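Peer 1: For reference, this is final-v2.csv, and it has CSV, C-alpha atoms.
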chain,number,residue,atom,x,y,z
N,268,MET,CA,77.9,35.7,-0.4
N,269,PHE,CA,76.6,35.7,3.1
N,270,ALA,CA,73.7,37.8,2.0
N,271,ALA,CA,73.0,35.5,-0.9
N,272,GLY,CA,73.0,32.6,1.5
N,273,ILE,CA,70.5,34.3,3.7
N,274,SER,CA,68.4,35.1,0.7
N,275,ALA,CA,68.6,31.5,-0.5
N,276,PHE,CA,67.8,30.2,3.0
N,277,GLY,CA,64.9,32.6,3.1
N,278,GLN,CA,63.6,31.4,-0.2
N,279,ASP,CA,64.0,27.8,0.9
N,280,SER,CA,62.1,28.6,4.1
N,281,VAL,CA,59.3,30.2,2.2
N,282,ARG,CA,59.2,27.3,-0.2
N,283,VAL,CA,59.1,24.7,2.5
N,284,GLN,CA,56.4,26.6,4.4
N,285,THR,CA,54.2,26.8,1.3
N,286,ILE,CA,54.4,23.1,0.8
N,287,ASP,CA,53.7,22.4,4.5
N,288,SER,CA,50.6,24.7,4.4
N,289,ALA,CA,49.2,22.9,1.4
N,290,TYR,CA,49.8,19.5,2.9
N,291,LEU,CA,48.2,20.5,6.2
N,292,ALA,CA,45.2,22.0,4.4
N,293,GLN,CA,44.8,18.8,2.4
N,294,LEU,CA,45.2,16.7,5.5
N,295,GLU,CA,42.6,18.8,7.3
N,296,ARG,CA,40.1,18.3,4.5
N,297,LEU,CA,40.7,14.6,4.5
N,298,MET,CA,40.2,14.4,8.3
N,299,ILE,CA,36.9,16.4,8.0
N,300,GLN,CA,35.8,14.1,5.2
N,301,MET,CA,36.7,11.0,7.2
N,302,GLU,CA,34.9,12.3,10.2
N,303,LYS,CA,31.8,13.0,8.1
N,304,GLU,CA,32.0,9.5,6.6
N,305,GLU,CA,32.3,8.0,10.0
N,306,LYS,CA,29.3,9.9,11.3
N,307,ALA,CA,27.4,8.8,8.2
N,308,ARG,CA,28.4,5.1,8.7
N,309,LYS,CA,27.2,5.4,12.3
N,310,VAL,CA,23.9,6.9,11.4
N,311,ILE,CA,23.4,4.2,8.7
N,312,ALA,CA,24.4,1.4,11.2
N,313,ASP,CA,22.0,2.8,13.8
N,314,TYR,CA,19.2,3.0,11.3
N,315,GLU,CA,19.8,-0.5,10.0
N,316,ARG,CA,19.5,-1.7,13.6
N,317,LEU,CA,16.3,0.2,13.9
N,318,MET,CA,15.1,-1.4,10.6
N,319,LEU,CA,15.9,-4.9,12.1
N,320,ARG,CA,13.9,-4.1,15.2
N,321,ARG,CA,11.0,-2.9,13.1
N,322,GLU,CA,11.3,-6.1,11.0
N,323,MET,CA,11.0,-8.3,14.1
N,324,SER,CA,8.3,-6.2,15.8
N,325,PHE,CA,4.5,-6.6,15.4
N,326,SER,CA,3.2,-4.5,12.4
N,327,THR,CA,-0.2,-2.8,12.8
N,328,THR,CA,-0.6,-2.6,9.0
N,329,GLY,CA,-4.3,-3.1,8.0
N,330,MET,CA,-5.9,-1.5,10.9
N,331,MET,CA,-7.4,1.3,8.7
N,332,GLN,CA,-9.3,-1.3,6.8
N,333,PHE,CA,-10.7,-2.6,10.2
N,334,VAL,CA,-11.9,1.0,11.0
N,335,SER,CA,-13.6,1.2,7.6
N,336,GLY,CA,-15.3,-2.1,8.1
N,337,ILE,CA,-16.7,-1.2,11.5
N,338,ILE,CA,-18.0,2.2,10.1
N,339,LEU,CA,-19.6,0.4,7.1
N,340,SER,CA,-21.2,-2.2,9.4
N,341,ARG,CA,-23.2,0.5,11.1
N,342,GLN,CA,-23.9,2.8,8.2
N,343,SER,CA,-25.1,0.1,5.7
N,344,SER,CA,-27.0,-2.1,8.2
N,345,ASP,CA,-30.4,-0.9,7.0
N,346,PHE,CA,-29.6,-1.5,3.4
N,347,ARG,CA,-28.4,-5.0,4.0
N,348,ASN,CA,-31.5,-5.9,6.1
N,349,GLU,CA,-34.0,-4.4,3.7
N,350,SER,CA,-32.6,-4.9,0.2
N,351,PRO,CA,-33.8,-7.7,-2.1
N,352,ARG,CA,-31.9,-10.8,-2.8
N,353,PHE,CA,-29.0,-10.3,-5.2
N,354,THR,CA,-28.1,-12.7,-7.9
N,355,ASP,CA,-25.9,-15.6,-6.9
N,356,THR,CA,-22.9,-15.7,-9.2
N,357,SER,CA,-20.2,-16.8,-6.7
N,358,ASP,CA,-17.5,-19.3,-7.7
N,359,ASP,CA,-15.9,-20.3,-4.4
N,360,TRP,CA,-13.0,-22.6,-5.4
N,361,ARG,CA,-11.7,-20.5,-8.2
N,362,ASP,CA,-11.7,-17.4,-6.0
N,363,TYR,CA,-9.6,-19.4,-3.5
N,364,THR,CA,-7.1,-20.2,-6.2
N,365,ILE,CA,-6.6,-16.4,-6.8
N,366,ALA,CA,-6.5,-15.8,-3.1
N,367,PHE,CA,-3.6,-18.2,-2.5
N,368,LEU,CA,-1.7,-17.1,-5.6
N,369,PRO,CA,0.8,-14.8,-3.7
N,370,VAL,CA,1.9,-17.5,-1.3
N,371,GLY,CA,2.3,-19.9,-4.2
N,372,VAL,CA,4.6,-17.3,-5.9
N,373,THR,CA,6.5,-17.0,-2.6
N,374,TYR,CA,7.4,-20.7,-2.5
N,375,ALA,CA,7.9,-21.0,-6.2
N,376,THR,CA,10.4,-18.1,-6.2
N,377,ARG,CA,12.3,-19.8,-3.3
N,378,LEU,CA,12.4,-23.1,-5.2
N,379,LEU,CA,13.9,-21.2,-8.2
N,380,GLY,CA,16.8,-20.1,-6.0
N,381,VAL,CA,15.9,-16.5,-5.1
N,382,GLN,CA,16.8,-16.0,-1.4
N,383,SER,CA,13.8,-15.1,0.8
N,384,LYS,CA,14.2,-13.1,4.0
N,385,SER,CA,13.6,-16.2,6.1
N,386,ASN,CA,15.2,-19.7,5.8
N,387,THR,CA,13.0,-22.7,5.3
N,388,ASN,CA,12.1,-23.4,9.0
N,389,ARG,CA,11.2,-19.7,9.7
N,390,LEU,CA,9.2,-19.4,6.5
N,391,LEU,CA,7.2,-22.6,7.1
N,392,THR,CA,6.5,-21.6,10.7
N,393,SER,CA,5.4,-18.1,9.9
N,394,THR,CA,3.2,-19.3,7.0
N,395,ALA,CA,1.5,-22.0,9.1
N,396,LEU,CA,0.9,-19.6,12.0
N,397,GLY,CA,-0.4,-16.9,9.7
N,398,PHE,CA,-2.9,-19.1,7.9
N,399,ALA,CA,-4.0,-20.9,11.1
N,400,LEU,CA,-4.7,-17.6,12.8
N,401,SER,CA,-6.5,-16.2,9.7
N,402,ALA,CA,-8.7,-19.2,9.2
N,403,GLY,CA,-9.5,-19.5,13.0
N,404,LEU,CA,-10.4,-15.9,13.4
N,405,SER,CA,-12.5,-15.6,10.2
N,406,SER,CA,-14.4,-18.9,10.9
N,407,GLY,CA,-15.0,-18.0,14.5
N,408,MET,CA,-16.3,-14.6,13.6
N,409,LYS,CA,-18.6,-16.1,10.9
N,410,ASN,CA,-20.3,-18.3,13.5
N,411,LEU,CA,-20.5,-15.6,16.1
N,412,ILE,CA,-21.9,-12.8,13.9
N,413,SER,CA,-24.1,-14.8,11.6
N,414,GLU,CA,-24.6,-12.1,8.9
N,415,ARG,CA,-26.7,-13.1,5.9
N,416,ARG,CA,-25.0,-13.0,2.5
N,417,PRO,CA,-26.3,-10.8,-0.3
N,418,ASP,CA,-27.5,-13.8,-2.3
N,419,TRP,CA,-29.2,-15.3,0.8
N,420,SER,CA,-27.2,-18.6,0.4
N,421,ASP,CA,-26.3,-18.7,4.2
N,422,ASP,CA,-25.6,-16.5,7.2
N,423,HIS,CA,-21.8,-16.7,7.1
N,424,SER,CA,-21.1,-13.5,5.2
N,425,MET,CA,-19.1,-11.6,7.9
N,426,PRO,CA,-16.1,-11.6,7.5
N,427,SER,CA,-14.8,-12.7,4.1
N,428,ARG,CA,-12.6,-15.8,4.6
N,429,HIS,CA,-11.4,-15.4,1.0
N,430,ALA,CA,-10.2,-11.8,1.7
N,431,ALA,CA,-8.5,-13.0,4.9
N,432,MET,CA,-6.7,-15.8,3.1
N,433,ALA,CA,-5.7,-13.5,0.2
N,434,PHE,CA,-4.3,-10.8,2.4
N,435,THR,CA,-2.4,-13.4,4.5
N,436,ALA,CA,-0.8,-14.7,1.3
N,437,ALA,CA,0.0,-11.2,0.1
N,438,THR,CA,1.6,-10.2,3.4
N,439,ILE,CA,3.8,-13.3,3.4
N,440,LEU,CA,5.0,-12.4,-0.2
N,441,HIS,CA,5.6,-8.8,0.9
N,442,ARG,CA,7.5,-9.9,4.0
N,443,GLU,CA,9.7,-12.4,2.2
N,444,TYR,CA,10.4,-10.7,-1.2
N,445,GLY,CA,9.3,-7.1,-0.8
N,446,TYR,CA,13.0,-6.3,-0.4
N,447,VAL,CA,13.7,-7.3,-4.0
N,448,SER,CA,11.4,-4.7,-5.5
N,449,PRO,CA,8.3,-2.7,-4.3
N,450,TRP,CA,6.6,-4.1,-7.5
N,451,VAL,CA,6.6,-7.5,-5.8
N,452,SER,CA,4.5,-6.1,-2.9
N,453,VAL,CA,2.2,-4.3,-5.3
N,454,GLY,CA,1.6,-7.5,-7.2
N,455,GLY,CA,0.7,-9.4,-4.1
N,456,TYR,CA,-1.6,-6.8,-2.7
N,457,ALA,CA,-3.2,-6.2,-6.1
N,458,THR,CA,-4.1,-9.9,-6.3
N,459,ALA,CA,-5.6,-9.7,-2.8
N,460,THR,CA,-7.6,-6.6,-3.7
N,461,ALA,CA,-8.8,-8.4,-6.9
N,462,THR,CA,-10.1,-11.2,-4.6
N,463,GLN,CA,-12.0,-8.6,-2.7
N,464,PHE,CA,-13.5,-7.1,-5.8
N,465,ILE,CA,-14.4,-10.5,-7.3
N,466,ARG,CA,-16.1,-11.7,-4.1
N,467,LEU,CA,-18.0,-8.4,-3.7
N,468,ASN,CA,-19.1,-8.3,-7.4
N,469,SER,CA,-20.2,-12.0,-7.3
N,470,ASN,CA,-22.6,-11.1,-4.4
N,471,ALA,CA,-21.0,-13.4,-1.9
N,472,HIS,CA,-20.3,-10.6,0.5
N,473,TRP,CA,-21.1,-7.1,1.6
N,474,LEU,CA,-18.4,-4.3,1.5
N,475,ASN,CA,-17.7,-4.3,5.2
N,476,ASP,CA,-17.0,-8.1,5.1
N,477,MET,CA,-14.2,-7.3,2.6
N,478,PHE,CA,-12.5,-4.8,4.9
N,479,ILE,CA,-12.8,-6.8,8.0
N,480,GLY,CA,-11.5,-9.9,6.2
N,481,ALA,CA,-8.5,-8.0,4.8
N,482,THR,CA,-7.7,-6.8,8.3
N,483,ILE,CA,-7.8,-10.3,9.7
N,484,GLY,CA,-5.5,-11.6,7.0
N,485,THR,CA,-2.9,-8.8,7.3
N,486,VAL,CA,-2.9,-8.8,11.1
N,487,SER,CA,-2.7,-12.7,11.2
N,488,ALA,CA,0.2,-12.8,8.9
N,489,ASN,CA,2.1,-10.2,10.8
N,490,LEU,CA,1.3,-11.8,14.1
N,491,GLY,CA,2.5,-15.1,12.7
N,492,TYR,CA,5.9,-13.5,11.8
N,493,PHE,CA,6.0,-11.8,15.3
N,494,ILE,CA,5.6,-15.2,17.1
N,495,THR,CA,8.1,-16.8,14.7
N,496,ASP,CA,10.6,-14.0,15.5
N,497,ARG,CA,10.1,-14.7,19.3
N,498,ILE,CA,10.8,-18.4,18.7
N,499,PHE,CA,13.8,-18.1,16.4
N,500,LYS,CA,15.2,-14.7,17.4
N,501,GLU,CA,17.6,-13.7,14.6
N,502,LYS,CA,18.5,-17.3,13.8
N,503,GLY,CA,17.5,-18.2,10.2
N,504,LEU,CA,17.0,-14.6,9.2
N,505,ALA,CA,18.7,-14.8,5.8
N,506,ILE,CA,18.3,-11.1,4.7
N,507,ILE,CA,19.2,-8.4,7.2
N,508,PRO,CA,17.7,-5.0,6.3
N,509,LYS,CA,20.3,-2.7,4.7
N,510,VAL,CA,20.2,0.9,3.5
N,511,THR,CA,21.2,0.9,-0.1
N,512,LYS,CA,22.1,3.6,-2.6
N,513,ALA,CA,18.8,3.0,-4.4
N,514,ASP,CA,16.9,3.6,-1.1
N,515,LEU,CA,18.7,6.9,-0.7
N,516,MET,CA,18.0,7.9,-4.3
N,517,ARG,CA,14.3,7.2,-3.8
N,518,ALA,CA,14.3,9.3,-0.6
N,519,ALA,CA,15.9,12.2,-2.6
N,520,LYS,CA,13.4,11.8,-5.4
N,521,PHE,CA,10.5,11.9,-2.9
N,522,GLU,CA,11.6,15.3,-1.8
N,523,ALA,CA,12.4,16.6,-5.2
N,524,GLY,CA,9.2,15.5,-6.9
N,525,PRO,CA,8.1,11.8,-6.8
N,526,THR,CA,7.2,10.8,-10.4
N,527,SER,CA,5.5,7.5,-9.5
N,528,PHE,CA,2.9,4.8,-10.0
N,529,CYS,CA,0.2,4.4,-7.4
N,530,MET,CA,-2.2,1.6,-6.6
N,531,VAL,CA,-5.3,2.9,-4.8
N,532,SER,CA,-8.3,1.1,-3.3
N,533,GLY,CA,-11.1,2.3,-1.0
N,534,ASN,CA,-14.8,3.1,-1.0
N,535,GLU,CA,-17.0,5.9,-2.1
N,536,PHE,CA,-20.5,7.1,-1.3
N,537,GLY,CA,-23.0,9.5,-2.8
N,538,LEU,CA,-24.2,12.8,-1.5
N,539,GLY,CA,-27.9,13.5,-2.1
N,540,GLU,CA,-28.5,10.3,-4.0
N,541,ASP,CA,-32.0,9.1,-4.9
N,542,TRP,CA,-31.0,5.5,-5.4
N,543,GLU,CA,-30.8,3.1,-2.5
N,544,CYS,CA,-27.3,1.5,-2.6
N,545,GLU,CA,-24.4,0.3,-0.5
N,546,ARG,CA,-21.2,2.2,-0.5
N,547,THR,CA,-19.0,1.5,-3.5
N,548,PHE,CA,-15.7,-0.4,-3.5
N,549,PHE,CA,-13.2,0.8,-6.0
N,550,VAL,CA,-9.7,-0.2,-7.2
N,551,GLY,CA,-7.4,1.6,-9.6
N,552,GLY,CA,-4.0,2.9,-10.6
N,553,GLU,CA,-2.6,6.4,-10.9
N,554,LEU,CA,0.5,7.6,-12.8
N,555,ALA,CA,2.0,10.9,-11.7
N,556,TYR,CA,4.6,12.9,-13.6
N,557,PHE,CA,6.2,15.8,-11.8
N,558,PHE,CA,7.2,18.8,-13.9
N,559,ASN,CA,9.0,20.3,-10.9
N,560,GLU,CA,9.1,19.9,-7.1
N,561,PHE,CA,5.5,21.0,-6.7
N,562,VAL,CA,3.5,20.5,-9.9
N,563,ALA,CA,2.5,17.1,-11.5
N,564,GLY,CA,0.2,15.8,-14.1
N,565,GLU,CA,-1.7,12.6,-13.4
N,566,GLY,CA,-3.6,9.9,-15.3
N,567,ILE,CA,-6.2,8.0,-13.3
N,568,LEU,CA,-8.0,4.7,-14.1
N,569,LYS,CA,-10.5,3.2,-11.6
N,570,MET,CA,-13.1,0.5,-11.6
N,571,SER,CA,-15.9,0.3,-9.0
N,572,SER,CA,-18.7,-1.9,-8.0
N,573,THR,CA,-21.7,-1.2,-5.9
N,574,LYS,CA,-24.9,-3.0,-4.9
N,575,VAL,CA,-28.0,-1.1,-6.0
N,576,SER,CA,-31.4,-2.3,-4.9
N,577,GLU,CA,-33.2,-0.9,-8.0
N,578,LEU,CA,-31.1,-3.2,-10.1
N,579,LYS,CA,-31.1,-6.2,-7.8
N,580,ASP,CA,-27.5,-6.6,-8.8
N,581,ASN,CA,-24.1,-4.9,-8.8
N,582,LEU,CA,-23.4,-1.8,-10.9
N,583,LEU,CA,-19.9,-1.7,-12.4
N,584,MET,CA,-18.5,1.8,-13.2
N,585,TYR,CA,-15.3,2.7,-14.9
N,586,HIS,CA,-13.4,6.0,-14.5
N,587,ALA,CA,-10.8,7.6,-16.8
N,588,ASP,CA,-9.5,10.9,-15.6
N,589,ALA,CA,-6.7,13.4,-15.8
N,590,ALA,CA,-5.6,15.6,-12.9
N,591,LEU,CA,-3.4,18.6,-12.2
N,592,ARG,CA,-1.7,18.0,-8.8
N,593,LEU,CA,-0.1,20.5,-6.5
N,594,SER,CA,2.2,18.8,-4.0
N,595,CYS,CA,4.2,20.3,-1.2
N,596,PRO,CA,6.8,18.6,1.1
N,597,ILE,CA,6.1,19.9,4.6
N,598,LYS,CA,8.8,17.9,6.4
N,599,PRO,CA,11.3,15.1,5.3
N,600,GLY,CA,9.4,12.1,4.1
N,601,PHE,CA,5.9,13.7,4.2
N,602,ARG,CA,4.0,15.5,1.5
N,603,ILE,CA,0.5,17.0,1.2
N,604,HIS,CA,-1.3,17.6,-2.1
N,605,ALA,CA,-4.4,19.0,-3.7
N,606,ARG,CA,-5.6,18.2,-7.2
N,607,ALA,CA,-8.2,19.2,-9.8
N,608,ILE,CA,-9.8,16.2,-11.7
N,609,CYS,CA,-11.6,16.0,-15.1
N,610,GLY,CA,-12.5,13.0,-17.1
N,611,GLY,CA,-15.3,10.5,-17.9
N,612,ARG,CA,-17.3,7.8,-16.1
N,613,PHE,CA,-18.7,4.8,-18.0
N,614,THR,CA,-21.2,2.4,-16.5
N,615,GLU,CA,-21.8,-1.2,-17.5
N,616,LYS,CA,-25.0,-1.7,-19.6
N,617,LYS,CA,-27.5,-3.3,-17.2
N,618,GLN,CA,-31.3,-3.2,-17.3
N,619,PHE,CA,-32.2,0.5,-17.8
N,620,VAL,CA,-28.6,1.8,-17.0
N,621,ASN,CA,-26.2,2.6,-19.9
N,622,ASP,CA,-24.5,5.8,-19.1
N,623,SER,CA,-21.3,7.7,-20.2
N,624,SER,CA,-20.8,11.1,-18.7
N,625,LEU,CA,-18.4,13.8,-17.9
N,626,GLU,CA,-17.1,14.1,-14.4
N,627,ILE,CA,-15.2,16.9,-12.7
N,628,GLY,CA,-13.9,17.4,-9.1
N,629,GLY,CA,-11.0,17.8,-6.8
N,630,GLY,CA,-9.3,16.2,-3.9
N,631,LEU,CA,-6.9,16.4,-1.0
N,632,GLY,CA,-4.4,13.9,0.3
N,633,PHE,CA,-1.0,13.1,1.8
N,634,ASP,CA,1.9,10.7,1.2
N,635,PHE,CA,4.7,9.6,3.6
N,636,LEU,CA,7.8,7.7,2.8
N,637,ASN,CA,7.8,4.2,4.2
N,638,ARG,CA,11.1,2.3,4.3
N,639,GLU,CA,12.4,4.4,1.5
N,640,LYS,CA,11.2,1.9,-1.2
N,641,TYR,CA,7.7,3.3,-1.5
N,642,SER,CA,5.3,5.7,0.0
N,643,VAL,CA,1.8,5.2,1.4
N,644,GLY,CA,-0.9,7.7,1.9
N,645,LEU,CA,-4.6,8.7,1.6
N,646,ASN,CA,-6.6,10.4,-1.1
N,647,ALA,CA,-10.0,12.0,-0.5
N,648,ASP,CA,-11.7,13.1,-3.8
N,649,TYR,CA,-15.1,14.6,-4.6
N,650,CYS,CA,-16.4,14.4,-8.1
N,651,HIS,CA,-19.7,15.5,-9.7
N,652,VAL,CA,-20.9,13.4,-12.7
N,653,PHE,CA,-23.2,15.1,-15.2
N,654,SER,CA,-25.7,12.3,-15.0
N,655,ASP,CA,-28.8,11.3,-13.0
N,656,ILE,CA,-27.1,8.1,-11.9
N,657,LEU,CA,-25.0,8.4,-8.8
N,658,SER,CA,-24.0,11.9,-9.7
N,659,ASN,CA,-22.2,13.1,-6.5
N,660,ARG,CA,-19.4,10.9,-5.2
N,661,LEU,CA,-16.9,11.3,-2.4
N,662,SER,CA,-14.2,8.6,-2.5
N,663,VAL,CA,-11.6,7.8,0.2
N,664,GLY,CA,-8.8,5.5,-0.8
N,665,ALA,CA,-5.5,4.2,0.6
N,666,THR,CA,-2.5,4.6,-1.7
N,667,TYR,CA,0.6,2.6,-2.3
N,668,ARG,CA,3.1,4.6,-4.4
N,669,ILE,CA,6.2,3.3,-6.2
N,670,ILE,CA,8.7,6.1,-6.9
N,671,PHE,CA,10.6,5.9,-10.2
Rewrite the coordinates I just gave you, this time as structure tokens.
Peer 2:
Amino acid sequence: MFAAGISAFGQDSVRVQTIDSAYLAQLERLMIQMEKEEKARKVIADYERLMLRREMSFSTTGMMQFVSGIILSRQSSDFRNESPRFTDTSDDWRDYTIAFLPVGVTYATRLLGVQSKSNTNRLLTSTALGFALSAGLSSGMKNLISERRPDWSDDHSMPSRHAAMAFTAATILHREYGYVSPWVSVGGYATATATQFIRLNSNAHWLNDMFIGATIGTVSANLGYFITDRIFKEKGLAIIPKVTKADLMRAAKFEAGPTSFCMVSGNEFGLGEDWECERTFFVGGELAYFFNEFVAGEGILKMSSTKVSELKDNLLMYHADAALRLSCPIKPGFRIHARAICGGRFTEKKQFVNDSSLEIGGGLGFDFLNREKYSVGLNADYCHVFSDILSNRLSVGATYRIIF
């Protein structure tokens, strides 16, 4: 009996020990998990504080357009001084309607009850400051520089006030409602870019006027917000930047293969061209589908406009291309790529020009993740067109990519 009791006690001891071990192991796993979650919450909280500081700091967005404008001012000066008068087809007030559309959407959306990042007082203050700075800087530079317009109507070509107003309006929309969806920002900046294209194609401006005007508008809007933030501090900031699950998913997709839509705009120039022309301004969209982490197929549609002295007017060109893209992540949030391009270019029928030709080429570029909701980058593509009309083209464009 004593032996049986010892045996039973031993069995009970073993049984209790087994239960205690399992419980302790489970408790240890829970503690490790809680510790990881606490670290994750701390990292997210620190990053959200960083996002708020960035939100209230001065943004230098748009400075690349300024650099492009300065370079074009020097390189195209001979063409602008010696070229003949271009046709006057400008429509000033309608172009302003398009330019102010994004800020109209901003206030209309707020009236419909969708919360903007700023309350009414902050929004009105930043809007007033942004447009006042934009109008003052663009008007002051017009009087100081006195550059003749392509249609010879006056000497107030540089910079484009329309582009300045358009990019001020687009930046306000982006700052207030970009948090809702990156498509909101794309819509605003697409409208501003359309204003650039319209003013250039209507012969109211040279290409460098467009880039300098866009810089003035973007910088003025951001400076208006910066001054407003100094006045109000965090008071009236209705939407505080937060890291969401959707943001984390986009970041993961960027690393795994960012199937995406991209808005691109920039300028191109010819190598070994016989025609006398200014650099070309182009806008377009690209759709990339990733088959795996590294390989993607792309569809590319672009429209471009350039002033050609032989035509005494602008030449419109349309591009429809397909590309095979090799993309490689080299560090978190940063990818480089190379691509091969093949497709067709079609020109507007104008005087003796009526051309549809095959084009092939290749390019290099990079993308980096910006605030998790989208990525920005740069493309540099060289294409040869099997035509006697502007046959060798190097294009450099800024990209704004939305990750699906």
Peer 1: Select, from N:Ser448, N:Thr376, N:Thr614, N:Ser401, the residue with the minimum atom-to-atom distance to Asp514 in chain N, counting only C-alpha atoms.
Peer 2: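 For Asp514 in chain N, the nearest of the candidates is N:Ser448.
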Peer 1: Report as a tab-separated table: every residue of range 551-585 of chain N with an atom at most 12 Å from range 460-472 of chain N, its closest pair of atoms, and their distance in Å to one decimal, counting all atoms listed in the file, with rows sorted by chain and ascending residue number.
Peer 2:
residue	atom	partner	partner_atom	distance
N:Gly551	CA	N:Thr460	CA	10.1
N:Met570	CA	N:Phe464	CA	9.6
N:Ser571	CA	N:Phe464	CA	8.4
N:Ser572	CA	N:Asn468	CA	6.4
N:Thr573	CA	N:Asn468	CA	7.7
N:Lys574	CA	N:Asn468	CA	8.2
N:Val575	CA	N:Asn470	CA	11.5
N:Lys579	CA	N:Asn470	CA	10.4
N:Asp580	CA	N:Asn470	CA	8.0
N:Asn581	CA	N:Asn468	CA	6.2
N:Leu582	CA	N:Asn468	CA	8.5
N:Leu583	CA	N:Asn468	CA	8.3
N:Met584	CA	N:Asn468	CA	11.7
Peer 1: Choose the residue, out of N:Ile670, N:Ala605, N:Leu390, N:Val620, that has the smallest atom-to-atom separation from Ala555 in chain N; count only C-alpha atoms.
Peer 2: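 Of the candidates, the smallest distance to Ala555 in chain N is held by N:Ile670.
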Peer 1: With a distance cut-off of 12 Å and only C-alpha atoms, select the neighbouring residues of Arg347 in chain N, excluding the residue or stretch itself and same-chain residues fewer than 5 positions from it, and output the selection as a ChimeraX atom specification.
Peer 2: /N:339-342,352-353,414-419,424,470,472-476,543-546,574-576
Peer 1: Those residues with C-alpha atoms, as a CSV table (one decimal), in the frame of the given file please?
Peer 2:
chain,number,residue,atom,x,y,z
N,339,LEU,CA,-19.6,0.4,7.1
N,340,SER,CA,-21.2,-2.2,9.4
N,341,ARG,CA,-23.2,0.5,11.1
N,342,GLN,CA,-23.9,2.8,8.2
N,352,ARG,CA,-31.9,-10.8,-2.8
N,353,PHE,CA,-29.0,-10.3,-5.2
N,414,GLU,CA,-24.6,-12.1,8.9
N,415,ARG,CA,-26.7,-13.1,5.9
N,416,ARG,CA,-25.0,-13.0,2.5
N,417,PRO,CA,-26.3,-10.8,-0.3
N,418,ASP,CA,-27.5,-13.8,-2.3
N,419,TRP,CA,-29.2,-15.3,0.8
N,424,SER,CA,-21.1,-13.5,5.2
N,470,ASN,CA,-22.6,-11.1,-4.4
N,472,HIS,CA,-20.3,-10.6,0.5
N,473,TRP,CA,-21.1,-7.1,1.6
N,474,LEU,CA,-18.4,-4.3,1.5
N,475,ASN,CA,-17.7,-4.3,5.2
N,476,ASP,CA,-17.0,-8.1,5.1
N,543,GLU,CA,-30.8,3.1,-2.5
N,544,CYS,CA,-27.3,1.5,-2.6
N,545,GLU,CA,-24.4,0.3,-0.5
N,546,ARG,CA,-21.2,2.2,-0.5
N,574,LYS,CA,-24.9,-3.0,-4.9
N,575,VAL,CA,-28.0,-1.1,-6.0
N,576,SER,CA,-31.4,-2.3,-4.9
Peer 1: Please produce, as a tab-separated table, a per-residue contact table for range 381-439 of chain N versus range 362-368 of chain N (criterion: any atom at most 10 Å away, all atoms listed in the file considered), showing the nearest atom pair and its distance in Å to one decimal, sorted by chain then residue number.
Peer 2:
residue	atom	partner	partner_atom	distance
N:Arg428	CA	N:Tyr363	CA	9.4
N:His429	CA	N:Tyr363	CA	6.3
N:Ala430	CA	N:Ala366	CA	7.3
N:Ala431	CA	N:Ala366	CA	8.7
N:Met432	CA	N:Ala366	CA	6.2
N:Ala433	CA	N:Ala366	CA	4.1
N:Phe434	CA	N:Ala366	CA	7.8
N:Thr435	CA	N:Phe367	CA	8.6
N:Ala436	CA	N:Phe367	CA	5.9
N:Ala437	CA	N:Phe367	CA	8.3
Peer 1: Could you name the residues that touch Met530 in chain N at 7 Å or less, counting only C-alpha atoms, but leaving out those on the same chain fewer than 5 positions away, as a list in words?
Peer 2: Gly551, Gly552, Glu553, Thr666, Tyr667 and Arg668 of chain N
Peer 1: Between CA of Phe558 in chain N and CA of Gly524 in chain N, what is the distance in Å, rounded to a tenth?
Peer 2: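 Separating CA of Phe558 in chain N from CA of Gly524 in chain N is a distance of 8.0 Å.
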Peer 1: If you count all atoms listed in the file, which residues fall within 7 Å of Ala587 in chain N, apart from same-chain ones fewer than 6 positions away, as a tab-separated table (two decimals) with C-alpha atoms, keeping the file's coordinate frame?
Peer 2:
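The resulting part-v4.tsv:
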chain	number	residue	atom	x	y	z
N	567	ILE	CA	-6.20	8.00	-13.30
N	568	LEU	CA	-8.00	4.70	-14.10
N	569	LYS	CA	-10.50	3.20	-11.60
N	610	GLY	CA	-12.50	13.00	-17.10
N	611	GLY	CA	-15.30	10.50	-17.90
N	612	ARG	CA	-17.30	7.80	-16.10
Peer 1: Nearest to Tyr556 in chain N: which of N:Thr394, N:Asn534, N:Ser527, N:Asn489 is it, counting all atoms listed in the file?
Peer 2: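 Distance minimum relative to Tyr556 in chain N lands on N:Ser527.
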Peer 1: For Gly484 in chain N, which of N:Thr458, N:Ser532, N:Ser405, N:Ser452 is the closest residue, counting all atoms listed in the file?
Peer 2: N:Ser405
Peer 1: Determine the nearest neighbour of Gly491 in chain N from the options N:Phe521, N:Ala459, N:Ser406, N:Phe398, counting all atoms listed in the file.
Peer 2: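 Going through N:Phe521, N:Ala459, N:Ser406, N:Phe398 one by one, the smallest distance to Gly491 in chain N is for N:Phe398.
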Peer 1: With a distance cut-off of 7 Å and all atoms listed in the file, select the neighbouring residues of Ile479 in chain N, excluding the residue or stretch itself and same-chain residues fewer than 2 positions from it, and output the selection as a ChimeraX atom specification.
Peer 2: /N:332-333,336,426,475-477,481-483
Peer 1: What is the distance, in Å and to one decimal place, between CA of His651 in chain N and CA of Leu625 in chain N?
Peer 2: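 Atom-to-atom, CA of His651 in chain N and CA of Leu625 in chain N are spaced 8.5 Å apart.
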Peer 1: Quote the spacing between CA of Gly628 in chain N and CA of Ile669 in chain N in Å to one decimal place.
Peer 2: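 Computed distance, CA of Gly628 in chain N to CA of Ile669 in chain N, equals 24.7 Å.
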Peer 1: Find the residues around Leu645 in chain N up to 7 Å (all atoms listed in the file counted), leave out those fewer than 4 positions away in its own chain, and share them as number ranges by chain.
Peer 2: N: 632-634, 664-666
